[in-house]
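Asks: What follows is final-v7.cif, made up of mmCIF, C-alpha atoms:
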data_entry
loop_
_atom_site.group_PDB
_atom_site.id
_atom_site.type_symbol
_atom_site.label_atom_id
_atom_site.label_comp_id
_atom_site.auth_asym_id
_atom_site.auth_seq_id
_atom_site.Cartn_x
_atom_site.Cartn_y
_atom_site.Cartn_z
ATOM 1 C CA MET A 22 37.076 26.543 -4.222
ATOM 2 C CA LEU A 23 38.367 23.387 -2.576
ATOM 3 C CA ALA A 24 35.538 23.638 -0.057
ATOM 4 C CA PHE A 25 33.041 24.093 -2.876
ATOM 5 C CA ALA A 26 34.456 21.074 -4.730
ATOM 6 C CA ALA A 27 34.094 19.012 -1.581
ATOM 7 C CA MET A 28 30.474 20.096 -1.262
ATOM 8 C CA LEU A 29 29.776 19.148 -4.881
ATOM 9 C CA ALA A 30 31.409 15.773 -4.321
ATOM 10 C CA ALA A 31 29.188 15.221 -1.303
ATOM 11 C CA ALA A 32 26.115 16.170 -3.317
ATOM 12 C CA SER A 33 27.173 13.790 -6.083
ATOM 13 C CA ALA A 34 27.593 10.991 -3.562
ATOM 14 C CA LEU A 35 24.089 11.646 -2.270
ATOM 15 C CA ALA A 36 22.783 11.221 -5.804
ATOM 16 C CA GLN A 37 24.044 7.625 -5.999
ATOM 17 C CA PRO A 38 21.382 4.966 -5.300
ATOM 18 C CA ALA A 39 21.642 3.290 -1.929
ATOM 19 C CA PRO A 40 21.739 -0.490 -1.631
ATOM 20 C CA PRO A 41 18.207 -1.844 -1.244
ATOM 21 C CA ARG A 42 17.113 -2.512 2.310
ATOM 22 C CA ALA A 43 16.383 -6.113 3.158
ATOM 23 C CA ALA A 44 12.687 -6.653 2.496
ATOM 24 C CA LYS A 45 10.040 -9.282 3.040
ATOM 25 C CA VAL A 46 8.815 -8.372 -0.442
ATOM 26 C CA SER A 47 11.088 -7.480 -3.346
ATOM 27 C CA GLU A 48 11.061 -4.006 -4.845
ATOM 28 C CA GLU A 49 9.984 -5.559 -8.143
ATOM 29 C CA GLN A 50 6.749 -6.621 -6.439
ATOM 30 C CA GLY A 51 6.480 -3.384 -4.464
ATOM 31 C CA ALA A 52 7.747 -3.058 -0.879
ATOM 32 C CA PHE A 53 5.980 -0.783 1.595
ATOM 33 C CA ILE A 54 7.849 0.779 4.549
ATOM 34 C CA THR A 55 6.027 2.442 7.434
ATOM 35 C CA LEU A 56 8.506 5.263 8.028
ATOM 36 C CA GLY A 57 6.415 6.950 10.733
ATOM 37 C CA THR A 58 3.531 5.340 12.616
ATOM 38 C CA MET A 59 2.518 7.942 15.196
ATOM 39 C CA GLY A 60 -1.037 9.271 15.013
ATOM 40 C CA GLY A 61 -0.413 13.016 14.773
ATOM 41 C CA PRO A 62 -0.366 15.841 15.457
ATOM 42 C CA VAL A 63 1.070 15.354 18.967
ATOM 43 C CA PRO A 64 4.736 14.226 18.728
ATOM 44 C CA ALA A 65 6.075 11.165 20.511
ATOM 45 C CA PRO A 66 9.617 10.220 21.548
ATOM 46 C CA ASP A 67 9.449 6.702 20.094
ATOM 47 C CA ARG A 68 7.443 7.080 16.879
ATOM 48 C CA SER A 69 7.815 9.477 13.959
ATOM 49 C CA GLN A 70 4.920 11.376 12.383
ATOM 50 C CA PRO A 71 2.852 9.711 9.613
ATOM 51 C CA ALA A 72 4.938 8.825 6.534
ATOM 52 C CA ASN A 73 5.493 5.791 4.323
ATOM 53 C CA ALA A 74 7.682 4.746 1.404
ATOM 54 C CA LEU A 75 6.630 2.587 -1.541
ATOM 55 C CA LEU A 76 9.634 0.992 -3.247
ATOM 56 C CA TYR A 77 8.960 -0.232 -6.771
ATOM 57 C CA SER A 78 11.070 -0.839 -9.868
ATOM 58 C CA GLY A 79 14.078 1.065 -8.517
ATOM 59 C CA ARG A 80 12.009 4.103 -7.550
ATOM 60 C CA VAL A 81 10.781 5.384 -4.197
ATOM 61 C CA TYR A 82 7.433 7.098 -3.669
ATOM 62 C CA LEU A 83 6.515 8.756 -0.414
ATOM 63 C CA VAL A 84 2.957 8.134 0.771
ATOM 64 C CA ASP A 85 2.397 11.051 3.137
ATOM 65 C CA ALA A 86 5.387 12.920 4.531
ATOM 66 C CA GLY A 87 5.050 13.918 8.170
ATOM 67 C CA ASP A 88 7.743 15.603 10.208
ATOM 68 C CA GLY A 89 10.953 13.545 10.328
ATOM 69 C CA THR A 90 10.503 11.919 6.900
ATOM 70 C CA VAL A 91 14.051 12.674 5.695
ATOM 71 C CA GLN A 92 15.582 11.249 8.865
ATOM 72 C CA GLN A 93 13.414 8.134 8.621
ATOM 73 C CA LEU A 94 14.419 7.613 4.988
ATOM 74 C CA SER A 95 18.043 7.697 6.085
ATOM 75 C CA ARG A 96 17.364 5.198 8.866
ATOM 76 C CA ALA A 97 15.702 2.924 6.280
ATOM 77 C CA GLY A 98 18.803 3.097 4.074
ATOM 78 C CA ILE A 99 17.068 5.107 1.335
ATOM 79 C CA MET A 100 18.984 7.990 -0.231
ATOM 80 C CA LEU A 101 16.843 11.096 -0.768
ATOM 81 C CA PRO A 102 17.523 11.369 -4.550
ATOM 82 C CA ARG A 103 15.758 8.033 -5.056
ATOM 83 C CA VAL A 104 12.433 9.652 -4.148
ATOM 84 C CA THR A 105 10.704 10.470 -7.440
ATOM 85 C CA GLY A 106 7.100 10.991 -6.334
ATOM 86 C CA VAL A 107 4.967 11.909 -3.318
ATOM 87 C CA PHE A 108 1.321 11.054 -2.627
ATOM 88 C CA LEU A 109 -0.433 13.198 -0.014
ATOM 89 C CA SER A 110 -3.644 11.795 1.433
ATOM 90 C CA HIS A 111 -4.703 15.146 2.917
ATOM 91 C CA LEU A 112 -3.103 18.412 3.955
ATOM 92 C CA HIS A 113 -3.001 18.261 7.753
ATOM 93 C CA ALA A 114 0.450 19.205 8.997
ATOM 94 C CA ASP A 115 1.142 15.854 10.645
ATOM 95 C CA HIS A 116 1.027 14.302 7.146
ATOM 96 C CA THR A 117 2.866 17.073 5.265
ATOM 97 C CA GLY A 118 5.317 18.632 7.764
ATOM 98 C CA GLY A 119 8.331 16.737 6.399
ATOM 99 C CA LEU A 120 7.722 17.621 2.757
ATOM 100 C CA SER A 121 9.422 21.013 3.029
ATOM 101 C CA ALA A 122 12.688 19.329 4.063
ATOM 102 C CA VAL A 123 12.363 16.811 1.229
ATOM 103 C CA LEU A 124 12.073 19.648 -1.311
ATOM 104 C CA ALA A 125 14.722 21.929 0.187
ATOM 105 C CA LEU A 126 17.385 19.272 0.747
ATOM 106 C CA ARG A 127 16.929 17.869 -2.767
ATOM 107 C CA ASN A 128 17.479 21.395 -4.084
ATOM 108 C CA GLN A 129 20.438 22.049 -1.820
ATOM 109 C CA THR A 130 22.176 18.827 -2.918
ATOM 110 C CA ASN A 131 21.542 19.649 -6.590
ATOM 111 C CA VAL A 132 19.123 16.840 -7.395
ATOM 112 C CA ARG A 133 17.981 17.870 -10.868
ATOM 113 C CA ASP A 134 15.163 15.396 -11.497
ATOM 114 C CA ARG A 135 11.738 16.914 -10.877
ATOM 115 C CA LEU A 136 9.754 15.554 -7.951
ATOM 116 C CA THR A 137 6.066 15.003 -8.753
ATOM 117 C CA ILE A 138 3.634 15.543 -5.897
ATOM 118 C CA TYR A 139 0.103 14.129 -6.142
ATOM 119 C CA GLY A 140 -2.492 15.306 -3.673
ATOM 120 C CA PRO A 141 -5.994 16.687 -3.094
ATOM 121 C CA PRO A 142 -7.147 20.221 -3.940
ATOM 122 C CA GLY A 143 -4.935 22.707 -2.088
ATOM 123 C CA THR A 144 -1.713 20.765 -2.720
ATOM 124 C CA ARG A 145 -0.572 23.308 -5.315
ATOM 125 C CA GLU A 146 -0.988 26.160 -2.823
ATOM 126 C CA LEU A 147 0.768 24.186 -0.079
ATOM 127 C CA VAL A 148 3.781 23.373 -2.267
ATOM 128 C CA ALA A 149 3.967 26.908 -3.650
ATOM 129 C CA GLY A 150 4.410 28.179 -0.103
ATOM 130 C CA MET A 151 7.173 25.659 0.527
ATOM 131 C CA VAL A 152 8.911 26.620 -2.717
ATOM 132 C CA ALA A 153 8.665 30.307 -1.785
ATOM 133 C CA SER A 154 10.321 29.558 1.560
ATOM 134 C CA MET A 155 13.287 28.024 -0.317
ATOM 135 C CA GLN A 156 14.068 31.173 -2.325
ATOM 136 C CA PRO A 157 16.416 32.973 0.123
ATOM 137 C CA ALA A 158 18.659 29.916 0.499
ATOM 138 C CA ALA A 159 18.617 29.301 -3.256
ATOM 139 C CA ARG A 160 19.652 32.898 -4.006
ATOM 140 C CA VAL A 161 22.633 32.814 -1.644
ATOM 141 C CA GLY A 162 23.626 29.277 -2.670
ATOM 142 C CA TYR A 163 26.880 28.236 -1.019
ATOM 143 C CA GLY A 164 27.985 31.866 -0.841
ATOM 144 C CA ILE A 165 30.273 31.694 -3.878
ATOM 145 C CA PRO A 166 30.000 34.734 -6.219
ATOM 146 C CA GLY A 167 28.606 33.856 -9.635
ATOM 147 C CA GLN A 168 27.845 30.258 -8.712
ATOM 148 C CA PRO A 169 24.393 29.410 -10.207
ATOM 149 C CA TRP A 170 21.689 27.673 -8.189
ATOM 150 C CA MET A 171 18.732 25.754 -9.551
ATOM 151 C CA PRO A 172 15.472 27.736 -9.149
ATOM 152 C CA PRO A 173 13.360 25.826 -6.577
ATOM 153 C CA ALA A 174 10.237 26.074 -8.740
ATOM 154 C CA ASP A 175 12.024 24.053 -11.443
ATOM 155 C CA THR A 176 12.449 21.051 -9.137
ATOM 156 C CA VAL A 177 8.812 20.148 -8.437
ATOM 157 C CA THR A 178 5.567 19.427 -10.277
ATOM 158 C CA VAL A 179 2.161 19.260 -8.571
ATOM 159 C CA ILE A 180 -0.809 17.237 -9.820
ATOM 160 C CA GLU A 181 -4.040 17.691 -7.885
ATOM 161 C CA ILE A 182 -6.446 14.758 -7.908
ATOM 162 C CA ALA A 183 -9.878 13.868 -6.544
ATOM 163 C CA GLY A 184 -11.715 10.714 -5.547
ATOM 164 C CA GLY A 185 -12.473 8.355 -8.422
ATOM 165 C CA GLU A 186 -9.413 9.326 -10.459
ATOM 166 C CA THR A 187 -6.993 6.705 -11.744
ATOM 167 C CA LEU A 188 -3.441 7.447 -12.857
ATOM 168 C CA SER A 189 -0.823 5.354 -14.636
ATOM 169 C CA ILE A 190 2.570 6.141 -13.083
ATOM 170 C CA ASP A 191 5.801 4.325 -13.953
ATOM 171 C CA GLY A 192 4.003 1.067 -14.718
ATOM 172 C CA MET A 193 1.672 1.089 -11.718
ATOM 173 C CA LYS A 194 -2.012 1.960 -11.550
ATOM 174 C CA VAL A 195 -2.876 4.437 -8.792
ATOM 175 C CA THR A 196 -6.525 4.937 -7.818
ATOM 176 C CA ALA A 197 -7.798 7.553 -5.365
ATOM 177 C CA ALA A 198 -11.005 7.427 -3.322
ATOM 178 C CA GLN A 199 -12.438 10.312 -1.329
ATOM 179 C CA ASN A 200 -12.850 9.149 2.251
ATOM 180 C CA SER A 201 -14.684 10.414 5.339
ATOM 181 C CA HIS A 202 -11.986 12.245 7.288
ATOM 182 C CA TYR A 203 -14.052 15.391 6.679
ATOM 183 C CA ASP A 204 -17.795 15.861 7.256
ATOM 184 C CA PHE A 205 -18.569 18.422 4.559
ATOM 185 C CA ALA A 206 -21.871 17.999 2.712
ATOM 186 C CA ALA A 207 -21.512 16.486 -0.764
ATOM 187 C CA GLU A 208 -22.715 19.594 -2.622
ATOM 188 C CA SER A 209 -20.936 22.139 -0.422
ATOM 189 C CA ILE A 210 -18.159 24.509 -1.450
ATOM 190 C CA GLU A 211 -16.035 23.039 1.344
ATOM 191 C CA ASN A 212 -16.363 19.535 -0.104
ATOM 192 C CA ARG A 213 -15.287 20.847 -3.505
ATOM 193 C CA ASN A 214 -12.243 22.616 -2.075
ATOM 194 C CA TYR A 215 -11.099 20.220 0.668
ATOM 195 C CA LYS A 216 -10.751 16.476 0.214
ATOM 196 C CA SER A 217 -9.104 13.624 2.058
ATOM 197 C CA LEU A 218 -8.014 10.677 -0.070
ATOM 198 C CA SER A 219 -7.219 6.998 0.240
ATOM 199 C CA PHE A 220 -4.944 5.369 -2.355
ATOM 200 C CA ARG A 221 -4.704 2.007 -4.067
ATOM 201 C CA PHE A 222 -1.460 1.023 -5.790
ATOM 202 C CA ASP A 223 -1.882 -1.823 -8.292
ATOM 203 C CA LEU A 224 1.554 -3.147 -9.221
ATOM 204 C CA PRO A 225 2.334 -6.069 -11.527
ATOM 205 C CA GLY A 226 3.045 -8.293 -8.493
ATOM 206 C CA ARG A 227 0.635 -7.080 -5.795
ATOM 207 C CA SER A 228 -1.909 -4.478 -4.743
ATOM 208 C CA ILE A 229 -1.516 -2.141 -1.747
ATOM 209 C CA VAL A 230 -4.203 0.102 -0.265
ATOM 210 C CA TYR A 231 -3.429 2.970 2.098
ATOM 211 C CA THR A 232 -6.401 4.458 3.939
ATOM 212 C CA GLY A 233 -4.777 7.681 5.132
ATOM 213 C CA ASP A 234 -7.000 9.279 7.778
ATOM 214 C CA THR A 235 -10.614 8.204 7.409
ATOM 215 C CA GLY A 236 -13.705 7.094 9.214
ATOM 216 C CA PRO A 237 -15.854 4.133 8.099
ATOM 217 C CA ASN A 238 -16.527 4.630 4.412
ATOM 218 C CA MET A 239 -17.995 2.567 1.559
ATOM 219 C CA ALA A 240 -15.665 4.154 -1.001
ATOM 220 C CA VAL A 241 -12.615 2.990 0.948
ATOM 221 C CA GLU A 242 -14.135 -0.478 1.312
ATOM 222 C CA GLU A 243 -14.616 -0.671 -2.464
ATOM 223 C CA LEU A 244 -11.090 0.642 -3.049
ATOM 224 C CA ALA A 245 -9.646 -2.111 -0.848
ATOM 225 C CA LYS A 246 -11.571 -5.032 -2.400
ATOM 226 C CA GLY A 247 -9.271 -8.045 -2.701
ATOM 227 C CA ALA A 248 -6.092 -6.079 -1.992
ATOM 228 C CA ASP A 249 -2.966 -8.040 -1.115
ATOM 229 C CA LEU A 250 -2.121 -5.526 1.626
ATOM 230 C CA LEU A 251 -4.294 -2.996 3.472
ATOM 231 C CA VAL A 252 -2.373 -0.362 5.453
ATOM 232 C CA SER A 253 -4.969 1.203 7.728
ATOM 233 C CA GLU A 254 -5.045 4.004 10.236
ATOM 234 C CA MET A 255 -6.525 3.317 13.681
ATOM 235 C CA ILE A 256 -7.597 5.371 16.683
ATOM 236 C CA ASP A 257 -7.646 4.262 20.314
ATOM 237 C CA MET A 258 -10.720 6.162 21.480
ATOM 238 C CA GLY A 259 -10.188 5.368 25.165
ATOM 239 C CA GLY A 260 -6.541 6.418 25.113
ATOM 240 C CA THR A 261 -7.246 9.508 23.030
ATOM 241 C CA MET A 262 -10.083 10.703 25.262
ATOM 242 C CA ALA A 263 -7.925 10.028 28.342
ATOM 243 C CA ASN A 264 -5.288 12.337 26.834
ATOM 244 C CA VAL A 265 -7.989 14.943 26.210
ATOM 245 C CA ALA A 266 -9.094 14.687 29.835
ATOM 246 C CA ARG A 267 -5.529 15.215 31.039
ATOM 247 C CA ASN A 268 -4.930 18.167 28.722
ATOM 248 C CA SER A 269 -8.379 19.772 29.132
ATOM 249 C CA PRO A 270 -9.732 18.666 32.529
ATOM 250 C CA ASN A 271 -12.435 21.368 32.527
ATOM 251 C CA MET A 272 -13.928 20.547 29.121
ATOM 252 C CA PRO A 273 -17.741 20.632 29.367
ATOM 253 C CA ALA A 274 -19.461 17.274 29.040
ATOM 254 C CA GLU A 275 -21.319 18.364 25.897
ATOM 255 C CA ALA A 276 -18.092 19.460 24.192
ATOM 256 C CA ARG A 277 -16.444 16.186 25.175
ATOM 257 C CA GLN A 278 -19.334 14.238 23.683
ATOM 258 C CA ARG A 279 -19.112 16.195 20.423
ATOM 259 C CA LEU A 280 -15.353 15.592 20.235
ATOM 260 C CA GLU A 281 -15.770 11.864 20.804
ATOM 261 C CA GLN A 282 -18.409 11.695 18.078
ATOM 262 C CA HIS A 283 -16.128 13.631 15.724
ATOM 263 C CA LEU A 284 -13.160 11.337 16.365
ATOM 264 C CA SER A 285 -15.200 8.160 15.906
ATOM 265 C CA THR A 286 -16.540 9.273 12.499
ATOM 266 C CA HIS A 287 -13.272 10.769 11.210
ATOM 267 C CA HIS A 288 -11.084 7.805 12.229
ATOM 268 C CA LEU A 289 -11.271 4.010 12.437
ATOM 269 C CA THR A 290 -11.590 2.204 15.757
ATOM 270 C CA PRO A 291 -10.102 -1.316 16.001
ATOM 271 C CA ASP A 292 -13.594 -2.726 15.530
ATOM 272 C CA ALA A 293 -14.115 -0.600 12.394
ATOM 273 C CA VAL A 294 -10.709 -1.612 11.004
ATOM 274 C CA GLY A 295 -11.607 -5.281 11.423
ATOM 275 C CA GLN A 296 -14.915 -4.781 9.647
ATOM 276 C CA LEU A 297 -13.223 -2.908 6.787
ATOM 277 C CA ALA A 298 -10.596 -5.621 6.276
ATOM 278 C CA ALA A 299 -13.187 -8.412 6.423
ATOM 279 C CA LYS A 300 -15.706 -6.775 4.085
ATOM 280 C CA ALA A 301 -12.976 -5.873 1.586
ATOM 281 C CA GLY A 302 -11.529 -9.389 1.722
ATOM 282 C CA VAL A 303 -7.929 -8.188 1.968
ATOM 283 C CA LYS A 304 -5.150 -10.770 2.172
ATOM 284 C CA ALA A 305 -3.131 -9.016 4.908
ATOM 285 C CA LEU A 306 -3.685 -6.077 7.267
ATOM 286 C CA VAL A 307 -1.161 -3.612 8.699
ATOM 287 C CA ILE A 308 -2.141 -1.029 11.320
ATOM 288 C CA THR A 309 -0.420 2.357 11.505
ATOM 289 C CA HIS A 310 -1.162 5.928 12.712
ATOM 290 C CA PHE A 311 -1.472 5.058 16.413
ATOM 291 C CA ALA A 312 -3.469 7.932 17.874
ATOM 292 C CA ALA A 313 -2.968 8.120 21.669
ATOM 293 C CA GLY A 314 0.611 6.960 21.348
ATOM 294 C CA THR A 315 2.504 3.694 21.532
ATOM 295 C CA PRO A 316 0.296 0.886 22.815
ATOM 296 C CA ASP A 317 1.290 -1.119 25.875
ATOM 297 C CA PRO A 318 0.871 -4.937 25.755
ATOM 298 C CA THR A 319 -2.565 -4.848 27.390
ATOM 299 C CA ARG A 320 -3.930 -2.300 24.960
ATOM 300 C CA THR A 321 -2.247 -4.117 22.047
ATOM 301 C CA ALA A 322 -4.010 -7.341 22.992
ATOM 302 C CA GLY A 323 -7.290 -5.449 23.136
ATOM 303 C CA TYR A 324 -6.755 -3.988 19.669
ATOM 304 C CA LYS A 325 -6.048 -7.414 18.195
ATOM 305 C CA ALA A 326 -9.047 -8.996 19.885
ATOM 306 C CA GLN A 327 -11.414 -6.375 18.484
ATOM 307 C CA ILE A 328 -9.951 -6.659 14.987
ATOM 308 C CA ARG A 329 -9.946 -10.468 15.157
ATOM 309 C CA SER A 330 -13.650 -10.508 15.977
ATOM 310 C CA HIS A 331 -14.137 -9.617 12.290
ATOM 311 C CA TYR A 332 -10.907 -10.300 10.377
ATOM 312 C CA ARG A 333 -8.939 -13.554 10.606
ATOM 313 C CA GLY A 334 -6.142 -12.902 8.111
ATOM 314 C CA PRO A 335 -2.516 -11.900 8.787
ATOM 315 C CA LEU A 336 -2.398 -8.857 11.091
ATOM 316 C CA THR A 337 0.547 -6.621 12.052
ATOM 317 C CA LEU A 338 0.645 -3.586 14.320
ATOM 318 C CA ALA A 339 3.374 -1.682 12.541
ATOM 319 C CA LYS A 340 6.412 -0.011 14.072
ATOM 320 C CA ASP A 341 8.520 2.703 12.490
ATOM 321 C CA LEU A 342 10.676 1.286 9.656
ATOM 322 C CA ASP A 343 8.766 -1.995 9.351
ATOM 323 C CA GLN A 344 8.714 -3.304 5.795
ATOM 324 C CA PHE A 345 5.967 -5.292 4.128
#
Translate this structure into structure tokens?
Replies:
Amino acid sequence: MLAFAAMLAAASALAQPAPPRAAKVSEEQGAFITLGTMGGPVPAPDRSQPANALLYSGRVYLVDAGDGTVQQLSRAGIMLPRVTGVFLSHLHADHTGGLSAVLALRNQTNVRDRLTIYGPPGTRELVAGMVASMQPAARVGYGIPGQPWMPPADTVTVIEIAGGETLSIDGMKVTAAQNSHYDFAAESIENRNYKSLSFRFDLPGRSIVYTGDTGPNMAVEELAKGADLLVSEMIDMGGTMANVARNSPNMPAEARQRLEQHLSTHHLTPDAVGQLAAKAGVKALVITHFAAGTPDPTRTAGYKAQIRSHYRGPLTLAKDLDQF
């Protein structure tokens, strides 16, 4: 029982709020941390998979949760029990792979507050699978006979949303826009069942827009109008296609052309990011989701030059754990 008491004490300690991390913007205004800035799904040794944290009014909301999210929260000085909500832009594994650990470790450390997960159609099915995977560990608990364990299903709530919806959450207005990460026809069954979303967070002190994965899109441009901060994905087409050539040297030219077309319409090139930021009139721009890996100084200069040909405002190429 002494061991069990020690474990409960540790869980209780985890439940205590951590001191706020030094920020350029206060949590009262809404601070945004780029926890992971790699463009998935290929892992990298120096960048974590796509994940972000929005800190506002004493609460923490994850905005995507790629693999390594829990570790990155710890590195940012954020205790896991502070996370009260999750926003998923879409259901690709590089943006959701860390959510299972978030759910399971909250349950294992006896965090009793429900976690609300907002995401596109399919989120309920995704989370149900994660909850099911937690059942064996929940049944055995810490291996102490008669010791109760909170049912995993009682720790999470899922709310599925679509483009055009607006929610009021803890004093902030959250608006979703369906973007162009998928090419399904507007009236198709696929478009009804599978959506990729961008989010706008309107807080009392500032507005933050997160593109998630998207290609050029009028809905995202409208969503970002006048935002204080635009956090945008970006793809390096040259670097990405060079990686493809190394991994698949015998790819037929026609298949390569189709892939390049697909990537350029499902993601934003530096030129497209600059146009988006300029047309939306955002006050500051942060780039994340670096497909093709960490940029070297030459490539970084090229990115900035292309973006600057359209957008002249404050520009940052984010690193893991940067705060804005």
Asks: Could you give me, as a Markdown table, a per-residue list for region 121-230 of chain A showing, wherever an atom lies at most 12 Å from an atom of region 301-315 of chain A, the closest pair of atoms and their distance in Å to one decimal, using all atoms listed in the file and sorting by chain then residue number from low to high?
Replies:
| residue | atom | partner | partner_atom | distance |
| --- | --- | --- | --- | --- |
| A:Arg227 | CA | A:Lys304 | CA | 10.5 |
| A:Ser228 | CA | A:Val303 | CA | 9.7 |
| A:Ile229 | CA | A:Val303 | CA | 9.6 |
| A:Val230 | CA | A:Val303 | CA | 9.4 |
Asks: Show me, as a compact mmCIF listing (two decimals) with C-alpha atoms, in the frame of the given file, the residues that have an atom within 9 Å of Gln199 (chain A) when counting all atoms listed in the file, minus same-chain residues fewer than 6 positions from it.
Replies:
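Saved as out_3.txt:
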# COMPACT_ATOMS: atom_id res chain seq x y z
CA ALA A 183 -9.88 13.87 -6.54
CA GLY A 184 -11.72 10.71 -5.55
CA GLY A 185 -12.47 8.36 -8.42
CA LYS A 216 -10.75 16.48 0.21
CA SER A 217 -9.10 13.62 2.06
CA LEU A 218 -8.01 10.68 -0.07
CA SER A 219 -7.22 7.00 0.24
CA ALA A 240 -15.66 4.15 -1.00
CA VAL A 241 -12.62 2.99 0.95
Asks: Apply the PyMOL selection byres ((chain A and resi 73) around 12) to the structure shown and report the selected residues as an MDAnalysis selection string.
Replies: chainID A and resid 52:59 69:72 74:76 81:91 93:94 97 99 104 106:110 116:117 119 231:233 252:253 309:310 339:345
Asks: Excluding Val152 (chain A) and residues on its chain fewer than 6 positions from it, collect all residues at most 10 Å away from it, counting all atoms listed in the file, and give them as an mmCIF file with C-alpha atoms, in the frame of the given file.
Replies:
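selection22.cif was written with the following content:
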data_model
loop_
_atom_site.group_PDB
_atom_site.id
_atom_site.type_symbol
_atom_site.label_atom_id
_atom_site.label_comp_id
_atom_site.auth_asym_id
_atom_site.auth_seq_id
_atom_site.Cartn_x
_atom_site.Cartn_y
_atom_site.Cartn_z
ATOM 1 C CA SER A 121 9.422 21.013 3.029
ATOM 2 C CA LEU A 124 12.073 19.648 -1.311
ATOM 3 C CA ALA A 125 14.722 21.929 0.187
ATOM 4 C CA GLU A 146 -0.988 26.160 -2.823
ATOM 5 C CA PRO A 172 15.472 27.736 -9.149
ATOM 6 C CA PRO A 173 13.360 25.826 -6.577
ATOM 7 C CA ALA A 174 10.237 26.074 -8.740
ATOM 8 C CA ASP A 175 12.024 24.053 -11.443
ATOM 9 C CA THR A 176 12.449 21.051 -9.137
ATOM 10 C CA VAL A 177 8.812 20.148 -8.437
#
Asks: Enumerate, as a list in words, the protein, DNA and RNA residues whose atoms approach (-18.0, 3.2, 2.1) to within 10 Å, taking into account all atoms listed in the file and the coordinate frame of the file.
Replies: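 Applying the cut-off with all atoms listed in the file, one gets Ala198, Gln199, Asn200, Ser201, Gly236, Pro237, Asn238, Met239, Ala240, Val241, Glu242, Glu243, Leu244 and Leu297 of chain A.
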Asks: What does the PyMOL selection byres ((chain A and resi 278-283) around 12) select in this file, as a ChimeraX atom specification?
Replies: /A:201-204,235-236,256-263,265-266,272-277,284-290
Asks: Could you write out as a ChimeraX atom specification the residues that the PyMOL selection byres ((chain A and resi 299) around 12) matches in the shown file?
Replies: /A:242-243,245-248,251,292-298,300-306,328-336
Asks: How far is it from CA of Arg145 (chain A) to CA of Ile180 (chain A), in Å with one decimal?
Replies: 7.6 Å
Asks: Interatomic distance between CA of Tyr77 (chain A) and CA of Pro62 (chain A)?
Replies: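 Separation between CA of Tyr77 (chain A) and CA of Pro62 (chain A): 29.0 Å.
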Asks: Have a look at CA of Ser78 (chain A) and CA of Thr178 (chain A) and let me know their distance in Å, one decimal.
Replies: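 Between these atoms lies a distance of 21.0 Å.
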Asks: Using all atoms listed in the file, can you tell me which of A:Met171, A:Ala114, A:Tyr139, A:Thr130 comes closest to Val195 (chain A)?
Replies: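 Among the listed residues, A:Tyr139 lies closest to Val195 (chain A).
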Asks: Which residue, A:Leu224, A:Leu101, A:Val63, A:Leu338, has the smallest gap to Met193 (chain A) when you use all atoms listed in the file?
Replies: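 Distance minimum relative to Met193 (chain A) lands on A:Leu224.
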Asks: Looking at only C-alpha atoms, which of A:Leu120, A:Arg133, A:Phe220, A:Pro169 is the one that sits closest to Gly150 (chain A)?
Replies: A:Leu120
Asks: Quick one: what's the axis-aligned box for region 103-115 of chain A, all listed atoms, 3 Å on every side, centre and edges in Å to one decimal, as lines of an AutoDock Vina configuration file?
Replies:
center_x = 5.5
center_y = 13.6
center_z = 1.6
size_x = 26.5
size_y = 17.2
size_z = 24.1
Asks: May I ask you to restore N, CA and C atoms in region 299-308 of chain A and write the result as a PDB file, in the coordinates of the input?
Replies:
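And here is the file that came out, result.pdb:
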ATOM      1  N   ALA A 299     -12.379  -7.228   6.713  1.00  0.00           N
ATOM      2  CA  ALA A 299     -13.187  -8.412   6.423  1.00  0.00           C
ATOM      3  C   ALA A 299     -14.095  -8.188   5.225  1.00  0.00           C
ATOM      4  N   LYS A 300     -14.781  -7.053   5.190  1.00  0.00           N
ATOM      5  CA  LYS A 300     -15.706  -6.775   4.085  1.00  0.00           C
ATOM      6  C   LYS A 300     -14.961  -6.627   2.762  1.00  0.00           C
ATOM      7  N   ALA A 301     -13.759  -6.055   2.807  1.00  0.00           N
ATOM      8  CA  ALA A 301     -12.976  -5.873   1.586  1.00  0.00           C
ATOM      9  C   ALA A 301     -12.284  -7.159   1.158  1.00  0.00           C
ATOM     10  N   GLY A 302     -12.180  -8.129   2.056  1.00  0.00           N
ATOM     11  CA  GLY A 302     -11.529  -9.389   1.722  1.00  0.00           C
ATOM     12  C   GLY A 302     -10.053  -9.246   1.425  1.00  0.00           C
ATOM     13  N   VAL A 303      -9.359  -8.405   2.222  1.00  0.00           N
ATOM     14  CA  VAL A 303      -7.929  -8.188   1.968  1.00  0.00           C
ATOM     15  C   VAL A 303      -7.126  -9.391   2.454  1.00  0.00           C
ATOM     16  N   LYS A 304      -5.962  -9.594   1.845  1.00  0.00           N
ATOM     17  CA  LYS A 304      -5.150 -10.770   2.172  1.00  0.00           C
ATOM     18  C   LYS A 304      -4.256 -10.556   3.389  1.00  0.00           C
ATOM     19  N   ALA A 305      -3.941  -9.317   3.717  1.00  0.00           N
ATOM     20  CA  ALA A 305      -3.131  -9.016   4.908  1.00  0.00           C
ATOM     21  C   ALA A 305      -3.450  -7.600   5.358  1.00  0.00           C
ATOM     22  N   LEU A 306      -3.321  -7.363   6.665  1.00  0.00           N
ATOM     23  CA  LEU A 306      -3.685  -6.077   7.267  1.00  0.00           C
ATOM     24  C   LEU A 306      -2.532  -5.556   8.119  1.00  0.00           C
ATOM     25  N   VAL A 307      -2.180  -4.292   7.900  1.00  0.00           N
ATOM     26  CA  VAL A 307      -1.161  -3.612   8.699  1.00  0.00           C
ATOM     27  C   VAL A 307      -1.801  -2.373   9.315  1.00  0.00           C
ATOM     28  N   ILE A 308      -1.584  -2.179  10.615  1.00  0.00           N
ATOM     29  CA  ILE A 308      -2.141  -1.029  11.320  1.00  0.00           C
ATOM     30  C   ILE A 308      -1.041  -0.005  11.554  1.00  0.00           C
TER      31      ILE A 308
END
